[in-house]
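Shown next: entry_1.cif, containing mmCIF, C-alpha atoms.
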data_target
loop_
_atom_site.group_PDB
_atom_site.id
_atom_site.type_symbol
_atom_site.label_atom_id
_atom_site.label_comp_id
_atom_site.auth_asym_id
_atom_site.auth_seq_id
_atom_site.Cartn_x
_atom_site.Cartn_y
_atom_site.Cartn_z
ATOM 1 C CA MET A 1381 52.708 30.090 -0.803
ATOM 2 C CA THR A 1382 52.082 26.336 -0.845
ATOM 3 C CA LYS A 1383 53.967 23.848 1.272
ATOM 4 C CA GLN A 1384 55.949 22.682 -1.740
ATOM 5 C CA ASP A 1385 56.889 26.232 -2.742
ATOM 6 C CA TYR A 1386 57.906 27.050 0.790
ATOM 7 C CA LEU A 1387 60.101 23.984 1.231
ATOM 8 C CA SER A 1388 61.847 24.345 -2.124
ATOM 9 C CA ALA A 1389 62.462 28.047 -1.492
ATOM 10 C CA LEU A 1390 63.919 27.220 1.916
ATOM 11 C CA ARG A 1391 66.099 24.522 0.365
ATOM 12 C CA ALA A 1392 67.420 26.989 -2.189
ATOM 13 C CA TYR A 1393 68.265 29.598 0.459
ATOM 14 C CA LEU A 1394 70.021 26.984 2.592
ATOM 15 C CA ALA A 1395 72.277 25.869 -0.257
ATOM 16 C CA LYS A 1396 75.376 27.102 1.609
ATOM 17 C CA LEU A 1397 74.926 24.549 4.395
ATOM 18 C CA PRO A 1398 75.953 20.862 4.250
ATOM 19 C CA SER A 1399 73.247 18.765 2.582
ATOM 20 C CA ASP A 1400 72.581 16.444 5.554
ATOM 21 C CA GLU A 1401 71.934 19.514 7.681
ATOM 22 C CA VAL A 1402 69.579 20.916 5.045
ATOM 23 C CA GLU A 1403 67.607 17.648 4.959
ATOM 24 C CA ASP A 1404 67.347 17.692 8.734
ATOM 25 C CA ILE A 1405 66.036 21.259 8.722
ATOM 26 C CA LEU A 1406 63.536 20.531 5.952
ATOM 27 C CA ARG A 1407 62.196 17.545 7.906
ATOM 28 C CA ASP A 1408 61.399 19.878 10.800
ATOM 29 C CA PHE A 1409 59.451 22.155 8.490
ATOM 30 C CA GLU A 1410 57.628 19.297 6.804
ATOM 31 C CA GLU A 1411 56.569 18.110 10.237
ATOM 32 C CA HIS A 1412 55.426 21.632 11.067
ATOM 33 C CA PHE A 1413 53.300 21.745 7.921
ATOM 34 C CA SER A 1414 51.751 18.343 8.489
ATOM 35 C CA ILE A 1415 50.792 19.144 12.096
ATOM 36 C CA GLY A 1416 49.415 22.502 11.030
ATOM 37 C CA LEU A 1417 47.361 20.850 8.280
ATOM 38 C CA SER A 1418 45.976 18.297 10.746
ATOM 39 C CA GLN A 1419 44.734 21.272 12.794
ATOM 40 C CA ASP A 1420 42.701 22.551 9.837
ATOM 41 C CA LYS A 1421 45.068 25.268 8.805
ATOM 42 C CA THR A 1422 45.744 25.861 5.120
ATOM 43 C CA GLU A 1423 49.210 25.575 3.644
ATOM 44 C CA GLN A 1424 49.097 29.308 2.948
ATOM 45 C CA GLU A 1425 48.312 30.143 6.557
ATOM 46 C CA ILE A 1426 51.077 27.953 7.868
ATOM 47 C CA ALA A 1427 53.588 29.397 5.423
ATOM 48 C CA ALA A 1428 52.612 32.923 6.437
ATOM 49 C CA GLU A 1429 53.048 32.120 10.126
ATOM 50 C CA LEU A 1430 56.465 30.625 9.493
ATOM 51 C CA GLY A 1431 57.798 33.837 7.991
ATOM 52 C CA SER A 1432 59.702 34.217 4.747
ATOM 53 C CA PRO A 1433 61.991 31.314 3.774
ATOM 54 C CA ALA A 1434 64.811 33.769 3.142
ATOM 55 C CA GLU A 1435 64.532 35.120 6.672
ATOM 56 C CA VAL A 1436 64.410 31.646 8.210
ATOM 57 C CA ALA A 1437 67.382 30.473 6.144
ATOM 58 C CA LYS A 1438 69.359 33.519 7.193
ATOM 59 C CA THR A 1439 68.847 32.663 10.853
ATOM 60 C CA TYR A 1440 70.200 29.157 10.272
ATOM 61 C CA ILE A 1441 73.173 30.403 8.307
ATOM 62 C CA ASP A 1442 74.019 33.124 10.835
ATOM 63 C CA GLU A 1443 74.094 30.503 13.543
ATOM 64 C CA THR A 1444 76.315 28.125 11.636
ATOM 65 C CA ILE A 1445 78.917 30.631 10.502
ATOM 66 C CA PRO A 1446 81.378 31.498 13.301
ATOM 67 C CA GLU A 1447 80.725 34.726 15.119
ATOM 68 C CA GLY A 1448 83.960 36.435 14.135
ATOM 69 C CA PHE A 1449 82.863 36.567 10.530
ATOM 70 C CA GLU A 1450 79.583 38.235 11.245
ATOM 71 C CA ALA A 1451 80.777 41.813 11.562
ATOM 72 C CA THR A 1452 81.283 42.544 7.904
ATOM 73 C CA THR A 1453 79.612 45.925 7.653
ATOM 74 C CA ALA A 1454 81.917 48.893 7.259
ATOM 75 C CA GLY A 1455 80.652 50.483 10.456
ATOM 76 C CA ALA A 1456 81.393 47.450 12.586
ATOM 77 C CA ARG A 1457 84.854 47.117 11.129
ATOM 78 C CA VAL A 1458 85.742 50.730 11.763
ATOM 79 C CA THR A 1459 84.590 50.708 15.383
ATOM 80 C CA GLY A 1460 86.222 47.329 15.894
ATOM 81 C CA GLN A 1461 89.537 48.700 14.705
ATOM 82 C CA THR A 1462 89.499 51.989 16.552
ATOM 83 C CA ILE A 1463 88.629 50.281 19.811
ATOM 84 C CA ALA A 1464 91.225 47.576 19.346
ATOM 85 C CA ALA A 1465 94.050 49.702 17.964
ATOM 86 C CA ALA A 1466 94.775 52.011 20.883
ATOM 87 C CA PRO A 1467 95.120 49.502 23.732
ATOM 88 C CA VAL A 1468 97.206 47.121 21.613
ATOM 89 C CA ALA A 1469 99.850 49.741 20.866
ATOM 90 C CA LYS A 1470 99.954 50.762 24.520
ATOM 91 C CA ALA A 1471 100.152 47.171 25.730
ATOM 92 C CA GLU A 1472 103.102 46.422 23.437
ATOM 93 C CA LYS A 1473 105.090 49.297 24.861
ATOM 94 C CA ASP A 1474 104.366 48.262 28.451
ATOM 95 C CA VAL A 1475 105.080 44.596 28.001
ATOM 96 C CA SER A 1476 108.815 44.861 27.256
ATOM 97 C CA GLY A 1477 109.427 46.704 30.534
ATOM 98 C CA ALA A 1478 107.225 44.280 32.428
ATOM 99 C CA ARG A 1479 109.079 41.334 30.903
ATOM 100 C CA VAL A 1480 112.491 42.634 31.887
ATOM 101 C CA PHE A 1481 111.154 43.217 35.374
ATOM 102 C CA VAL A 1482 109.592 39.755 35.633
ATOM 103 C CA VAL A 1483 112.776 38.003 34.473
ATOM 104 C CA LEU A 1484 115.163 40.071 36.588
ATOM 105 C CA PHE A 1485 113.026 39.988 39.709
ATOM 106 C CA ASN A 1486 112.612 36.229 39.493
ATOM 107 C CA LEU A 1487 116.299 35.560 38.816
ATOM 108 C CA LEU A 1488 117.686 37.965 41.375
ATOM 109 C CA VAL A 1489 115.153 37.819 44.183
ATOM 110 C CA PHE A 1490 112.244 35.449 43.905
ATOM 111 C CA ILE A 1491 114.024 32.161 43.135
ATOM 112 C CA TRP A 1492 116.282 32.518 46.182
ATOM 113 C CA VAL A 1493 113.474 33.474 48.503
ATOM 114 C CA TRP A 1494 111.392 30.609 47.135
ATOM 115 C CA ILE A 1495 114.222 28.057 47.589
ATOM 116 C CA SER A 1496 114.806 29.127 51.176
ATOM 117 C CA ILE A 1497 111.091 28.911 51.997
ATOM 118 C CA ALA A 1498 110.850 25.530 50.255
ATOM 119 C CA MET A 1499 113.833 24.264 52.263
ATOM 120 C CA THR A 1500 112.263 25.548 55.473
ATOM 121 C CA VAL A 1501 109.025 23.721 54.655
ATOM 122 C CA LEU A 1502 110.993 20.573 53.849
ATOM 123 C CA GLY A 1503 112.934 20.965 57.123
ATOM 124 C CA PHE A 1504 109.779 21.242 59.147
ATOM 125 C CA TRP A 1505 108.551 18.038 57.525
ATOM 126 C CA MET A 1506 111.389 16.312 59.370
ATOM 127 C CA LEU A 1507 109.454 16.936 62.575
ATOM 128 C CA PRO A 1508 106.458 14.616 61.922
ATOM 129 C CA ILE A 1509 108.714 12.164 60.043
ATOM 130 C CA GLY A 1510 111.185 11.992 62.937
ATOM 131 C CA LEU A 1511 108.368 11.576 65.441
ATOM 132 C CA ILE A 1512 106.879 8.722 63.420
ATOM 133 C CA ILE A 1513 110.266 7.008 63.269
ATOM 134 C CA ALA A 1514 110.571 7.406 67.051
ATOM 135 C CA VAL A 1515 107.105 5.913 67.545
ATOM 136 C CA ILE A 1516 107.983 2.932 65.318
ATOM 137 C CA ALA A 1517 111.257 2.409 67.197
ATOM 138 C CA MET A 1518 109.400 2.516 70.495
ATOM 139 C CA LEU A 1519 106.891 -0.065 69.212
ATOM 140 C CA ILE A 1520 109.734 -2.387 68.251
ATOM 141 C CA ALA A 1521 111.397 -1.948 71.645
ATOM 142 C CA ILE A 1522 108.177 -2.427 73.606
ATOM 143 C CA ALA A 1523 109.017 -6.095 74.416
ATOM 144 C CA ALA A 1524 112.078 -5.020 76.379
ATOM 145 C CA VAL A 1525 110.197 -2.527 78.602
ATOM 146 C CA PRO A 1526 109.817 -3.652 82.269
ATOM 147 C CA ALA A 1527 106.201 -4.081 83.358
ATOM 148 C CA ALA A 1528 106.496 -1.364 85.990
ATOM 149 C CA ALA A 1529 107.431 1.282 83.391
ATOM 150 C CA MET A 1530 104.864 0.105 80.829
ATOM 151 C CA ALA A 1531 102.124 2.652 81.665
ATOM 152 C CA PHE A 1532 104.530 5.568 81.370
ATOM 153 C CA TYR A 1533 106.032 4.062 78.219
ATOM 154 C CA ILE A 1534 102.660 3.810 76.515
ATOM 155 C CA PHE A 1535 101.756 7.301 77.650
ATOM 156 C CA LEU A 1536 104.965 8.579 76.098
ATOM 157 C CA LEU A 1537 104.337 6.581 72.927
ATOM 158 C CA LEU A 1538 100.798 7.916 72.497
ATOM 159 C CA GLY A 1539 102.004 11.428 73.265
ATOM 160 C CA LEU A 1540 104.640 11.204 70.525
ATOM 161 C CA LEU A 1541 102.111 9.711 68.114
ATOM 162 C CA PHE A 1542 99.713 12.559 68.801
ATOM 163 C CA LEU A 1543 102.475 15.100 68.232
ATOM 164 C CA ALA A 1544 103.443 13.349 64.987
ATOM 165 C CA ILE A 1545 99.861 13.490 63.687
ATOM 166 C CA ALA A 1546 99.348 17.095 64.792
ATOM 167 C CA THR A 1547 102.561 18.338 63.178
ATOM 168 C CA GLY A 1548 101.827 16.195 60.117
ATOM 169 C CA ILE A 1549 98.450 17.864 59.665
ATOM 170 C CA ALA A 1550 99.926 21.297 60.239
ATOM 171 C CA MET A 1551 102.664 20.610 57.690
ATOM 172 C CA PHE A 1552 100.126 19.272 55.210
ATOM 173 C CA PHE A 1553 98.228 22.561 55.248
ATOM 174 C CA ALA A 1554 101.413 24.618 55.290
ATOM 175 C CA THR A 1555 102.648 22.748 52.210
ATOM 176 C CA LYS A 1556 99.319 23.080 50.473
ATOM 177 C CA GLY A 1557 99.319 26.804 51.144
ATOM 178 C CA PHE A 1558 102.881 27.118 49.919
ATOM 179 C CA ILE A 1559 102.047 25.275 46.689
ATOM 180 C CA TRP A 1560 98.952 27.425 46.189
ATOM 181 C CA VAL A 1561 100.926 30.631 46.635
ATOM 182 C CA THR A 1562 103.546 29.360 44.199
ATOM 183 C CA VAL A 1563 100.965 28.434 41.575
ATOM 184 C CA GLU A 1564 99.199 31.778 41.921
ATOM 185 C CA TYR A 1565 102.503 33.613 41.726
ATOM 186 C CA VAL A 1566 103.453 31.776 38.539
ATOM 187 C CA LYS A 1567 100.032 32.549 37.035
ATOM 188 C CA TRP A 1568 100.384 36.193 37.946
ATOM 189 C CA ASN A 1569 103.868 36.255 36.446
ATOM 190 C CA LYS A 1570 102.617 34.768 33.209
ATOM 191 C CA LYS A 1571 99.901 37.379 33.047
ATOM 192 C CA ILE A 1572 102.326 40.226 33.638
ATOM 193 C CA TYR A 1573 104.719 38.738 31.106
ATOM 194 C CA LYS A 1574 101.996 38.553 28.472
ATOM 195 C CA GLU A 1575 99.947 41.657 29.193
ATOM 196 C CA GLY A 1576 102.202 43.993 31.151
ATOM 197 C CA PHE A 1577 101.186 45.699 34.363
ATOM 198 C CA MET B 1403 64.524 44.921 20.115
ATOM 199 C CA ASN B 1404 68.202 44.047 20.120
ATOM 200 C CA VAL B 1405 68.675 40.719 18.300
ATOM 201 C CA GLN B 1406 71.146 39.290 20.802
ATOM 202 C CA PHE B 1407 68.877 40.220 23.691
ATOM 203 C CA LYS B 1408 65.820 38.726 22.048
ATOM 204 C CA LYS B 1409 67.716 35.522 21.350
ATOM 205 C CA GLY B 1410 68.693 35.173 24.977
ATOM 206 C CA VAL B 1411 65.129 35.723 26.112
ATOM 207 C CA LEU B 1412 63.822 33.200 23.593
ATOM 208 C CA ASP B 1413 66.343 30.646 24.841
ATOM 209 C CA LEU B 1414 65.008 31.235 28.321
ATOM 210 C CA CYS B 1415 61.400 30.808 27.131
ATOM 211 C CA VAL B 1416 62.093 27.571 25.249
ATOM 212 C CA LEU B 1417 64.088 26.042 28.107
ATOM 213 C CA SER B 1418 61.350 27.041 30.558
ATOM 214 C CA MET B 1419 58.662 25.440 28.415
ATOM 215 C CA LEU B 1420 60.671 22.210 28.368
ATOM 216 C CA LYS B 1421 61.233 22.256 32.110
ATOM 217 C CA ASP B 1422 58.162 20.253 33.058
ATOM 218 C CA SER B 1423 57.461 18.242 29.931
ATOM 219 C CA ASP B 1424 58.978 17.457 26.554
ATOM 220 C CA CYS B 1425 57.388 19.287 23.629
ATOM 221 C CA TYR B 1426 57.441 18.966 19.869
ATOM 222 C CA GLY B 1427 58.530 21.774 17.606
ATOM 223 C CA TYR B 1428 55.097 22.819 16.480
ATOM 224 C CA GLU B 1429 53.856 23.247 20.049
ATOM 225 C CA LEU B 1430 56.869 25.365 20.986
ATOM 226 C CA ALA B 1431 56.649 27.449 17.819
ATOM 227 C CA ASN B 1432 52.926 28.019 18.178
ATOM 228 C CA THR B 1433 52.986 28.987 21.843
ATOM 229 C CA LEU B 1434 55.998 31.256 21.457
ATOM 230 C CA SER B 1435 54.742 33.039 18.370
ATOM 231 C CA GLU B 1436 51.383 33.615 20.028
ATOM 232 C CA LEU B 1437 52.909 35.268 23.092
ATOM 233 C CA ILE B 1438 55.982 36.949 21.653
ATOM 234 C CA LYS B 1439 56.146 38.674 18.323
ATOM 235 C CA ILE B 1440 58.238 36.220 16.346
ATOM 236 C CA SER B 1441 57.486 34.040 13.372
ATOM 237 C CA ASP B 1442 57.031 30.290 13.815
ATOM 238 C CA GLY B 1443 59.974 29.751 11.506
ATOM 239 C CA ALA B 1444 62.354 31.530 13.867
ATOM 240 C CA VAL B 1445 61.822 28.923 16.568
ATOM 241 C CA TYR B 1446 63.343 26.012 14.626
ATOM 242 C CA PRO B 1447 66.805 27.537 14.176
ATOM 243 C CA LEU B 1448 66.722 28.329 17.878
ATOM 244 C CA LEU B 1449 65.897 24.724 18.746
ATOM 245 C CA ARG B 1450 68.668 23.523 16.479
ATOM 246 C CA LYS B 1451 71.146 25.797 18.218
ATOM 247 C CA LEU B 1452 70.027 24.646 21.648
ATOM 248 C CA ALA B 1453 70.469 21.040 20.513
ATOM 249 C CA SER B 1454 73.937 21.638 19.073
ATOM 250 C CA ASP B 1455 74.938 23.401 22.305
ATOM 251 C CA GLY B 1456 73.840 20.311 24.218
ATOM 252 C CA PHE B 1457 71.035 22.007 26.147
ATOM 253 C CA VAL B 1458 68.294 19.864 24.616
ATOM 254 C CA THR B 1459 68.122 16.440 23.003
ATOM 255 C CA THR B 1460 65.583 15.240 20.464
ATOM 256 C CA TYR B 1461 63.753 11.982 19.895
ATOM 257 C CA LEU B 1462 61.014 10.865 17.517
ATOM 258 C CA GLN B 1463 57.685 9.709 18.826
ATOM 259 C CA GLU B 1464 54.717 8.329 16.941
ATOM 260 C CA SER B 1465 51.545 10.360 17.000
ATOM 261 C CA GLN B 1466 47.940 9.318 16.466
ATOM 262 C CA SER B 1467 47.625 11.643 13.513
ATOM 263 C CA GLY B 1468 50.249 11.960 10.837
ATOM 264 C CA PRO B 1469 54.003 11.247 10.856
ATOM 265 C CA PRO B 1470 56.129 10.836 14.007
ATOM 266 C CA ARG B 1471 56.929 14.055 15.834
ATOM 267 C CA LYS B 1472 60.310 15.266 16.922
ATOM 268 C CA TYR B 1473 60.227 15.912 20.655
ATOM 269 C CA TYR B 1474 62.648 18.142 22.496
ATOM 270 C CA SER B 1475 63.813 17.304 25.982
ATOM 271 C CA LEU B 1476 65.926 19.261 28.457
ATOM 272 C CA THR B 1477 69.384 17.841 29.292
ATOM 273 C CA ALA B 1478 71.185 18.266 32.613
ATOM 274 C CA MET B 1479 73.240 20.992 30.956
ATOM 275 C CA GLY B 1480 70.018 22.591 29.762
ATOM 276 C CA GLN B 1481 68.646 22.626 33.280
ATOM 277 C CA LYS B 1482 71.778 24.345 34.492
ATOM 278 C CA GLN B 1483 71.571 26.855 31.664
ATOM 279 C CA LEU B 1484 67.906 27.492 32.436
ATOM 280 C CA LYS B 1485 68.745 28.200 36.053
ATOM 281 C CA GLU B 1486 71.474 30.631 35.038
ATOM 282 C CA LEU B 1487 69.345 32.426 32.445
ATOM 283 C CA MET B 1488 66.489 32.615 34.946
ATOM 284 C CA GLU B 1489 68.695 34.266 37.549
ATOM 285 C CA GLU B 1490 70.034 36.693 34.966
ATOM 286 C CA TRP B 1491 66.520 37.486 33.815
ATOM 287 C CA ILE B 1492 65.231 38.139 37.329
ATOM 288 C CA SER B 1493 68.081 40.402 38.316
ATOM 289 C CA PHE B 1494 67.839 42.184 34.962
ATOM 290 C CA THR B 1495 64.108 42.813 35.173
ATOM 291 C CA GLU B 1496 64.397 43.910 38.790
ATOM 292 C CA SER B 1497 67.002 46.489 37.806
ATOM 293 C CA VAL B 1498 64.948 47.714 34.876
ATOM 294 C CA ASN B 1499 61.867 47.960 37.072
ATOM 295 C CA LYS B 1500 63.773 50.056 39.566
ATOM 296 C CA ILE B 1501 64.811 52.452 36.825
ATOM 297 C CA VAL B 1502 61.438 52.770 35.137
ATOM 298 C CA GLY B 1503 59.686 52.926 38.495
ATOM 299 C CA GLY B 1504 57.435 49.948 37.939
ATOM 300 C CA THR B 1505 56.471 47.525 40.675
ATOM 301 C CA SER B 1506 59.491 45.403 41.434
ATOM 302 C CA SER B 1507 58.911 41.890 42.612
#
In structure tokens, what does this structure look like?
Amino acid sequence: MTKQDYLSALRAYLAKLPSDEVEDILRDFEEHFSIGLSQDKTEQEIAAELGSPAEVAKTYIDETIPEGFEATTAGARVTGQTIAAAPVAKAEKDVSGARVFVVLFNLLVFIWVWISIAMTVLGFWMLPIGLIIAVIAMLIAIAAVPAAAMAFYIFLLLGLLFLAIATGIAMFFATKGFIWVTVEYVKWNKKIYKEGF
Amino acid sequence: MNVQFKKGVLDLCVLSMLKDSDCYGYELANTLSELIKISDGAVYPLLRKLASDGFVTTYLQESQSGPPRKYYSLTAMGQKQLKELMEEWISFTESVNKIVGGTSS
């Protein structure tokens, strides 16, 4: 097969693809031919090494067409259906029960537990916030402190500041953990709601 | 050989060949078809797929003889993919070697 025969055959087999894509592909093959020719190969040799144009075109087309459409043989369809059919029916039956459970459990139990934990977390936040307010108040009042009591005053101030930072950090991680658990719980709930147990 | 499997291995080969230097299509096709039993023509669709998946980019470069050549170059994503495929390949071949009783690396 000559270069010209090869390229026009390839073009014909690629007719399904958009024309700009076809041109792009043909350029690659023209380049392949011209490099092969410059290395003293004949057009026939190069064409033989490339493999049949139909085969090459099929590879391009298989790659362009979405995967879902590939399984068109009867065998693939039958196995696809038998594998898919059983679990789907089972899942549908399970899901309704799981959904009732998810909704009832959340309404009757989880929401209340969650609110009380959230309030507790919020309450504990008052600790670092209160300490910070105390530290600020002490800084404002520092002018009125007698010189004799100053060392103790500053010691107290730094102590409170340290406590504020320590509790703040602890509350930061506690809150982060609480949010993480909530997010994971919601994800898990969604999964159960969709797919059953 | 299973088509899907062969495709994955060929991806690995092409990405590996591009790891150290950019190559043009003919080089890749020639080397691959010499070492592995595939036709030269099968390499171009593969390269196109790798490009559309963002694993390689192409650019044209003049050559001393004939028209400009299309060079293929690994992208950052391609390097990551190569690393992943390489790891998969090593663990796969090690397992197979254990089963068939060959020398495992």
At most 9 Å is the cut-off: for each residue in chain B with any atom that close to an atom of chain A, write down the nearest atom pair and the distance in Å rounded to one decimal, counting only C-alpha atoms, chain first then increasing number, as CSV.
residue,atom,partner,partner_atom,distance
B:Gly1427,CA,A:His1412,CA,7.2
B:Tyr1428,CA,A:His1412,CA,5.6
B:Ala1431,CA,A:Leu1430,CA,8.9
B:Ser1435,CA,A:Glu1429,CA,8.5
B:Ile1440,CA,A:Gly1431,CA,8.7
B:Ser1441,CA,A:Leu1430,CA,5.3
B:Asp1442,CA,A:Leu1430,CA,4.4
B:Gly1443,CA,A:Leu1430,CA,4.1
B:Ala1444,CA,A:Val1436,CA,6.0
B:Tyr1446,CA,A:Asp1408,CA,7.5
B:Pro1447,CA,A:Tyr1440,CA,5.4
B:Leu1448,CA,A:Tyr1440,CA,8.4
B:Arg1450,CA,A:Ile1405,CA,8.5
B:Lys1451,CA,A:Glu1443,CA,7.3
B:Ser1467,CA,A:Ser1418,CA,7.4
B:Gly1468,CA,A:Ser1414,CA,7.0
B:Pro1469,CA,A:Glu1411,CA,7.4
B:Pro1470,CA,A:Glu1411,CA,8.2
B:Arg1471,CA,A:Glu1411,CA,6.9
B:Lys1472,CA,A:Asp1408,CA,7.7
Could you turn the residues from that selection into a file that holds C-alpha atoms, as a PDB file, in the frame of the given file?
ATOM      1  CA  GLY B1427      58.530  21.774  17.606  1.00  0.00           C
ATOM      2  CA  TYR B1428      55.097  22.819  16.480  1.00  0.00           C
ATOM      3  CA  ALA B1431      56.649  27.449  17.819  1.00  0.00           C
ATOM      4  CA  SER B1435      54.742  33.039  18.370  1.00  0.00           C
ATOM      5  CA  ILE B1440      58.238  36.220  16.346  1.00  0.00           C
ATOM      6  CA  SER B1441      57.486  34.040  13.372  1.00  0.00           C
ATOM      7  CA  ASP B1442      57.031  30.290  13.815  1.00  0.00           C
ATOM      8  CA  GLY B1443      59.974  29.751  11.506  1.00  0.00           C
ATOM      9  CA  ALA B1444      62.354  31.530  13.867  1.00  0.00           C
ATOM     10  CA  TYR B1446      63.343  26.012  14.626  1.00  0.00           C
ATOM     11  CA  PRO B1447      66.805  27.537  14.176  1.00  0.00           C
ATOM     12  CA  LEU B1448      66.722  28.329  17.878  1.00  0.00           C
ATOM     13  CA  ARG B1450      68.668  23.523  16.479  1.00  0.00           C
ATOM     14  CA  LYS B1451      71.146  25.797  18.218  1.00  0.00           C
ATOM     15  CA  SER B1467      47.625  11.643  13.513  1.00  0.00           C
ATOM     16  CA  GLY B1468      50.249  11.960  10.837  1.00  0.00           C
ATOM     17  CA  PRO B1469      54.003  11.247  10.856  1.00  0.00           C
ATOM     18  CA  PRO B1470      56.129  10.836  14.007  1.00  0.00           C
ATOM     19  CA  ARG B1471      56.929  14.055  15.834  1.00  0.00           C
ATOM     20  CA  LYS B1472      60.310  15.266  16.922  1.00  0.00           C
TER      21      LYS B1472
END
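Put simply, the PyMOL selection byres ((chain A and resi 1554) around 12) on this file hits Ile1497, Ala1498, Thr1500, Val1501, Leu1502, Phe1504, Trp1505, Thr1547, Gly1548, Ile1549, Ala1550, Met1551, Phe1552, Phe1553, Thr1555, Lys1556, Gly1557, Phe1558, Ile1559, Trp1560 and Val1561 of chain A.
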Problem - Residues selected by the PyMOL selection byres ((chain B and resi 1456-1460) around 9), written as an MDAnalysis selection string - result: chainID B and resid 1417 1420 1426 1449:1455 1461:1462 1472:1484
Exercise for the section: To one decimal in Å, tell me the separation between CA of Leu1484 (chain A) and CA of Met1499 (chain A). Expected result: 22.3 Å
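Here CA of Gly1510 (chain A) is placed at a distance of 22.8 Å from CA of Ala1531 (chain A).
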Problem - Interatomic distance (Å, one decimal) between CA of Leu1507 (chain A) and CA of Ala1544 (chain A) - result: 7.4 Å
Problem - Shell of 12 Å around Ala1521 (chain A), all atoms listed in the file, local chain residues under 6 positions omitted, as a PyMOL selection string - result: chain A and resi 1514-1515+1530+1533-1534+1537
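Nearest-residue note for Ala1546 (chain A): choosing from A:Glu1403, A:Ile1512, A:Glu1425, A:Tyr1573, the minimum distance belongs to A:Ile1512, counting all atoms listed in the file.
Each of B:Leu1434, B:Glu1429, B:Ser1465, B:Thr1495 was checked against Cys1415 (chain B) using only C-alpha atoms; the smallest atom-to-atom distance is that of B:Leu1434.
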